[in-house]
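Okay, so here's the structure we're looking at.
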Amino acid sequence: MVDLTRKYDVLVIGGGNAALCAAIGARRAGASVLVVEGAPKFYRGGNTRHTRNMRCAHDAATDILTGPYTEQEFWEDLLRVTGGETDEELARHMIAESKDILGWIVQQGVRWQPSLGGTLSLGRTNSFFLGGGRAMLNALYFTAEKLGVEVLYDAEVLDLEIADGMFLSAALKQGDGCARITASTIVAAAGGFEANIEWLRQYWGDAANNFLIRGTPYNRGSILKMLLEKGVQEIGDPTQCHAVAIDARAPNSTAASSRGMIRWCSASSSTNTRSDSTTRARISGRNATPSGDG
């Protein structure tokens with residue numbers, strides 16, 4: 001039974017791959033962790049439950065990968081698919097950190113299989129989950145709960161209390177009841193807004209009215225919106241609110257004095273920024289977990 005009156009070391013908002021990896025990493029470092037998942041238990045995991053593989057840099061062939069995939073090649077591929085609209089510092093950090101994931105995630109109970117039929121072009125670059133995304137999620141949840149991570153399902157975050165750049169608490173709605181959770185650190189891993197047709201229409205126009213949401217219906221961007229609004233309050237000019245960074249390091253890290261600090265990055269603070277309202281969430285953390293078929 002989740003104790004909503006206690007103060008947790010780490011509050012993780014979201015229930016997919018990134019959220020579970022952050023929760024497991026924090027718990028293994030000795031932190032008390034609560035995961036808040038907006039979906040019911042059966043639909044937990046966001047769009048992670050619909051994926052089937054993960055792309056990580058590696059220096060040599062493995063039991064399931066046919067050859068090396070260097071950091072430089074990964075960077076060049078990312079640059080091509082984004083058309084150059086890429087934060088190089090963040091991307092290169094993610095790519096370098098991804099090299100540890102292939103082994104680390106196996107230690108958390110996830111199993112790999114060789115590339116699937118029809119995907120031979122990905123046999124060198126993409127690692128496929130045995131059983132797909134749901135099997136991978138089930139393994140991560142099993143490990144997290146065994147370690148003592150607490151999970152609250154069907155819990156919608158209604159508001160984030162932030163003052164002077166510091167996270168204080170989150171207001172939750174679960175069923176007919178509401179509660180406020182306090183924590184020293186927040187990890188926002190709640191996905192994007194793939195299921196929010198109204199938001200998609202702003203970028204795709206009327207064509208978005210014909211979009212079919214084949215993934216999770218729970219990724220509606222509410223957490224992203226809250227963080228962006230808090231950023232506007234902090235720096236004043238909404239056109240300069242380009243990205244949000246939340247220190248998600250474990251409480252016993254060398255940077256413990258800065259935990260909970262939220263940093264608002266202006267559009268001029270990084271390279272390759274865009275002048276429109278597209279945003280990038282820059283979240284610091286040990287385990288970068290890029291996933292998907294791309």
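Identifiers in the structure tokens: chain A, B, ... in order shown; residue index from 1 per chain; ligand index from 1 in order shown.
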
**Item:** Exercise: region 176-186 of chain A partners within 7 Å, only C-alpha atoms, chain neighbours under 5 positions left out, as a VMD selection string
**Value:** chain A and resid 4 7 to 12 167 to 171 248 259 to 260

**Message:** Set the distance at 7 Å and use only C-alpha atoms: which residues neighbour Phe193 (chain A) once local chain neighbours fewer than 6 positions away are removed? I'd like the list as a PyMOL selection string.
**Reply:** chain A and resi 219-221

May I have the selected residues written with C-alpha atoms, as a PDB file, in the first residue's frame?
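The resulting again-v8.pdb:
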ATOM      1  CA  ASN A 219       0.370  10.584 -23.711  1.00  0.00           C
ATOM      2  CA  ARG A 220      -1.276  13.997 -23.849  1.00  0.00           C
ATOM      3  CA  GLY A 221       1.595  16.272 -22.858  1.00  0.00           C
TER       4      GLY A 221
END

**Prompt:** Running DSSP on the backbone, which parts of region 45-212 of chain A land in strand (DSSP E), as an NGL selection string?
**Reply:** :A and (53-55 or 112-113 or 126-129 or 150-152 or 155-163 or 166-174 or 177-188)

Show me, as an mmCIF file with N, CA, C and O atoms, in the first residue's frame, the residues that have an atom within 7 Å of region 24-30 of chain A when counting only C-alpha atoms, minus same-chain residues fewer than 2 positions from it.
data_model
loop_
_atom_site.group_PDB
_atom_site.id
_atom_site.type_symbol
_atom_site.label_atom_id
_atom_site.label_comp_id
_atom_site.auth_asym_id
_atom_site.auth_seq_id
_atom_site.Cartn_x
_atom_site.Cartn_y
_atom_site.Cartn_z
ATOM 1 N N LEU A 20 11.031 3.709 -15.643
ATOM 2 C CA LEU A 20 11.417 2.535 -14.851
ATOM 3 C C LEU A 20 12.925 2.444 -14.676
ATOM 4 O O LEU A 20 13.409 2.079 -13.600
ATOM 5 N N CYS A 21 13.690 2.790 -15.725
ATOM 6 C CA CYS A 21 15.151 2.772 -15.590
ATOM 7 C C CYS A 21 15.607 3.793 -14.557
ATOM 8 O O CYS A 21 16.507 3.529 -13.752
ATOM 9 N N ALA A 22 14.979 4.977 -14.554
ATOM 10 C CA ALA A 22 15.321 5.998 -13.562
ATOM 11 C C ALA A 22 14.957 5.523 -12.156
ATOM 12 O O ALA A 22 15.721 5.709 -11.211
ATOM 13 N N SER A 32 14.440 6.248 -1.697
ATOM 14 C CA SER A 32 13.044 5.804 -1.687
ATOM 15 C C SER A 32 12.379 6.386 -2.922
ATOM 16 O O SER A 32 12.549 7.561 -3.244
ATOM 17 N N VAL A 33 11.622 5.554 -3.655
ATOM 18 C CA VAL A 33 11.123 5.940 -4.966
ATOM 19 C C VAL A 33 9.635 5.627 -5.100
ATOM 20 O O VAL A 33 9.192 4.525 -4.759
ATOM 21 N N ALA A 144 11.789 -3.540 -10.349
ATOM 22 C CA ALA A 144 11.572 -2.333 -9.553
ATOM 23 C C ALA A 144 10.819 -2.651 -8.266
ATOM 24 O O ALA A 144 11.207 -2.211 -7.169
ATOM 25 N N LEU A 147 12.829 -4.509 -5.741
ATOM 26 C CA LEU A 147 13.793 -3.640 -5.053
ATOM 27 C C LEU A 147 13.133 -2.719 -4.030
ATOM 28 O O LEU A 147 13.825 -2.095 -3.229
ATOM 29 N N VAL A 149 10.636 -0.291 -5.072
ATOM 30 C CA VAL A 149 10.021 0.868 -5.719
ATOM 31 C C VAL A 149 8.509 0.751 -5.576
ATOM 32 O O VAL A 149 7.936 -0.306 -5.854
ATOM 33 N N ALA A 250 20.645 10.586 -7.845
ATOM 34 C CA ALA A 250 20.262 9.970 -6.576
ATOM 35 C C ALA A 250 20.685 10.844 -5.414
ATOM 36 O O ALA A 250 21.667 11.579 -5.482
#
